[in-house]
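Q: Below is model02.pdb; it holds PDB, C-alpha atoms.
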ATOM      1  CA  MET A  85     -20.583 -19.119  -1.965  1.00  0.00           C
ATOM      2  CA  PHE A  86     -18.466 -16.639   0.066  1.00  0.00           C
ATOM      3  CA  ARG A  87     -16.772 -15.349  -3.081  1.00  0.00           C
ATOM      4  CA  GLU A  88     -20.074 -14.788  -4.893  1.00  0.00           C
ATOM      5  CA  LEU A  89     -21.559 -12.951  -1.896  1.00  0.00           C
ATOM      6  CA  THR A  90     -18.556 -10.699  -1.252  1.00  0.00           C
ATOM      7  CA  THR A  91     -17.135  -9.865  -4.703  1.00  0.00           C
ATOM      8  CA  ASN A  92     -17.366  -6.091  -5.325  1.00  0.00           C
ATOM      9  CA  ALA A  93     -18.525  -5.592  -1.735  1.00  0.00           C
ATOM     10  CA  THR A  94     -17.018  -4.517   1.586  1.00  0.00           C
ATOM     11  CA  VAL A  95     -15.576  -7.218   3.840  1.00  0.00           C
ATOM     12  CA  VAL A  96     -15.087  -6.288   7.515  1.00  0.00           C
ATOM     13  CA  MET A  97     -12.681  -8.366   9.606  1.00  0.00           C
ATOM     14  CA  GLY A  98     -10.637  -8.190  12.763  1.00  0.00           C
ATOM     15  CA  ARG A  99      -6.869  -7.734  12.853  1.00  0.00           C
ATOM     16  CA  LYS A 100      -6.148 -11.385  13.621  1.00  0.00           C
ATOM     17  CA  THR A 101      -8.248 -12.573  10.683  1.00  0.00           C
ATOM     18  CA  MET A 102      -6.445 -10.078   8.436  1.00  0.00           C
ATOM     19  CA  GLU A 103      -3.083 -11.385   9.661  1.00  0.00           C
ATOM     20  CA  SER A 104      -4.136 -14.935   8.736  1.00  0.00           C
ATOM     21  CA  LEU A 105      -4.573 -13.879   5.084  1.00  0.00           C
ATOM     22  CA  LYS A 106      -1.624 -13.818   2.692  1.00  0.00           C
ATOM     23  CA  ARG A 107      -2.951 -10.664   0.992  1.00  0.00           C
ATOM     24  CA  PRO A 108      -6.135  -8.560   0.856  1.00  0.00           C
ATOM     25  CA  LEU A 109      -9.118 -10.346  -0.659  1.00  0.00           C
ATOM     26  CA  PRO A 110      -9.228  -9.394  -4.362  1.00  0.00           C
ATOM     27  CA  GLU A 111     -12.168  -7.473  -5.848  1.00  0.00           C
ATOM     28  CA  ARG A 112     -13.331  -6.429  -2.365  1.00  0.00           C
ATOM     29  CA  HIS A 113     -12.991  -3.400  -0.103  1.00  0.00           C
ATOM     30  CA  ASN A 114     -11.126  -4.917   2.874  1.00  0.00           C
ATOM     31  CA  VAL A 115     -11.802  -3.142   6.198  1.00  0.00           C
ATOM     32  CA  VAL A 116      -9.923  -4.130   9.369  1.00  0.00           C
ATOM     33  CA  LEU A 117     -11.126  -3.381  12.907  1.00  0.00           C
ATOM     34  CA  THR A 118      -8.390  -3.117  15.531  1.00  0.00           C
ATOM     35  CA  ARG A 119      -7.575  -1.369  18.803  1.00  0.00           C
ATOM     36  CA  SER A 120      -3.893  -1.068  17.823  1.00  0.00           C
ATOM     37  CA  SER A 121      -3.381   2.643  17.104  1.00  0.00           C
ATOM     38  CA  GLY A 122      -0.136   2.297  15.122  1.00  0.00           C
ATOM     39  CA  PHE A 123      -1.326  -0.568  12.921  1.00  0.00           C
ATOM     40  CA  MET A 124      -1.311   0.225   9.169  1.00  0.00           C
ATOM     41  CA  PRO A 125      -1.586  -2.786   6.825  1.00  0.00           C
ATOM     42  CA  ASN A 126      -1.006  -2.430   3.075  1.00  0.00           C
ATOM     43  CA  GLY A 127      -4.062  -2.955   0.894  1.00  0.00           C
ATOM     44  CA  PHE A 128      -6.529  -2.772   3.788  1.00  0.00           C
ATOM     45  CA  THR A 129      -8.640   0.118   5.107  1.00  0.00           C
ATOM     46  CA  LEU A 130      -8.781   1.022   8.793  1.00  0.00           C
ATOM     47  CA  PRO A 131     -11.776   3.087   9.952  1.00  0.00           C
ATOM     48  CA  LEU A 132     -10.801   6.195  11.930  1.00  0.00           C
ATOM     49  CA  TRP A 133     -12.353   6.321  15.392  1.00  0.00           C
ATOM     50  CA  THR A 134     -11.333   5.925  19.018  1.00  0.00           C
ATOM     51  CA  MET A 135     -12.953   3.989  21.811  1.00  0.00           C
TER      52      MET A 135
END
Could you take the file, read its structure, and then write that structure out as structure tokens?

A:
Amino acid sequence: MFRELTTNATVVMGRKTMESLKRPLPERHNVVLTRSSGFMPNGFTLPLWTM
């Protein structure tokens, strides 16, 4: 069910969830939310903003 709902869509997750994955979820736009300013994972997108 998760795969059908998220394929070809954007998946938003936190840094710890991203770290639990072996690789970015295929066929999805993987977005990671984090407060770590120097964090830059391969294959994931980090939105640019400051809090």

Q: Nearest to His113 in chain A among A:Val95, A:Pro131, A:Met85, A:Thr101, with distances taken over all atoms listed in the file: which residue is it?

A: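 Nearest to His113 in chain A: A:Val95.
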
Q: Please evaluate the PyMOL selection byres ((chain A and resi 115) around 12) against the displayed coordinates and give the resulting residues as a ChimeraX atom specification.

A: /A:93-99,101-102,108-109,112-114,116-118,124-132

Q: What is the CA of Thr91 in chain A to CA of Pro110 in chain A distance in Å?

A: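 Value for the CA of Thr91 in chain A-CA of Pro110 in chain A distance: 7.9 Å.
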
Q: Kindly list the centre and edge lengths in Å, rounded to one decimal, for the axis-aligned box that covers all listed atoms of range 103-114 of chain A plus 3 Å on each of its six sides, as JSON.

A:
{"center_x": -7.5, "center_y": -9.2, "center_z": 1.9, "size_x": 17.7, "size_y": 17.5, "size_z": 21.5}

Q: Since fewer atoms than expected are present, regenerate N, CA and C atoms for range 104-124 of chain A and write them as a tab-separated table (two decimals), in the coordinates of the input.

A:
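Generated output (part_35.tsv):
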chain	number	residue	atom	x	y	z
A	104	SER	N	-4.13	-13.55	9.21
A	104	SER	CA	-4.14	-14.94	8.74
A	104	SER	C	-4.18	-15.02	7.21
A	105	LEU	N	-4.51	-13.91	6.55
A	105	LEU	CA	-4.57	-13.88	5.08
A	105	LEU	C	-3.20	-13.57	4.51
A	106	LYS	N	-2.90	-14.10	3.35
A	106	LYS	CA	-1.62	-13.82	2.69
A	106	LYS	C	-1.63	-12.44	2.05
A	107	ARG	N	-2.81	-11.96	1.65
A	107	ARG	CA	-2.95	-10.66	0.99
A	107	ARG	C	-4.42	-10.24	1.13
A	108	PRO	N	-4.73	-8.98	0.82
A	108	PRO	CA	-6.14	-8.56	0.86
A	108	PRO	C	-6.97	-9.40	-0.11
A	109	LEU	N	-8.22	-9.60	0.22
A	109	LEU	CA	-9.12	-10.35	-0.66
A	109	LEU	C	-9.34	-9.54	-1.94
A	110	PRO	N	-9.10	-10.14	-3.10
A	110	PRO	CA	-9.23	-9.39	-4.36
A	110	PRO	C	-10.68	-9.04	-4.68
A	111	GLU	N	-10.85	-7.94	-5.40
A	111	GLU	CA	-12.17	-7.47	-5.85
A	111	GLU	C	-13.11	-7.18	-4.69
A	112	ARG	N	-12.54	-6.77	-3.54
A	112	ARG	CA	-13.33	-6.43	-2.37
A	112	ARG	C	-12.70	-5.23	-1.67
A	113	HIS	N	-13.50	-4.47	-0.95
A	113	HIS	CA	-12.99	-3.40	-0.10
A	113	HIS	C	-12.76	-4.03	1.27
A	114	ASN	N	-11.50	-4.23	1.65
A	114	ASN	CA	-11.13	-4.92	2.87
A	114	ASN	C	-10.98	-3.92	4.01
A	115	VAL	N	-11.83	-4.03	5.04
A	115	VAL	CA	-11.80	-3.14	6.20
A	115	VAL	C	-11.39	-3.96	7.41
A	116	VAL	N	-10.43	-3.43	8.19
A	116	VAL	CA	-9.92	-4.13	9.37
A	116	VAL	C	-10.27	-3.33	10.61
A	117	LEU	N	-10.85	-4.00	11.61
A	117	LEU	CA	-11.13	-3.38	12.91
A	117	LEU	C	-10.04	-3.80	13.88
A	118	THR	N	-9.44	-2.83	14.57
A	118	THR	CA	-8.39	-3.12	15.53
A	118	THR	C	-8.33	-2.02	16.58
A	119	ARG	N	-7.81	-2.36	17.76
A	119	ARG	CA	-7.58	-1.37	18.80
A	119	ARG	C	-6.13	-0.88	18.79
A	120	SER	N	-5.30	-1.45	17.92
A	120	SER	CA	-3.89	-1.07	17.82
A	120	SER	C	-3.78	0.25	17.05
A	121	SER	N	-3.38	1.32	17.73
A	121	SER	CA	-3.38	2.64	17.10
A	121	SER	C	-2.33	2.80	16.02
A	122	GLY	N	-1.19	2.13	16.11
A	122	GLY	CA	-0.14	2.30	15.12
A	122	GLY	C	-0.17	1.29	13.99
A	123	PHE	N	-1.22	0.51	13.90
A	123	PHE	CA	-1.33	-0.57	12.92
A	123	PHE	C	-1.75	-0.01	11.57
A	124	MET	N	-0.98	-0.27	10.50
A	124	MET	CA	-1.31	0.22	9.17
A	124	MET	C	-0.96	-0.81	8.11
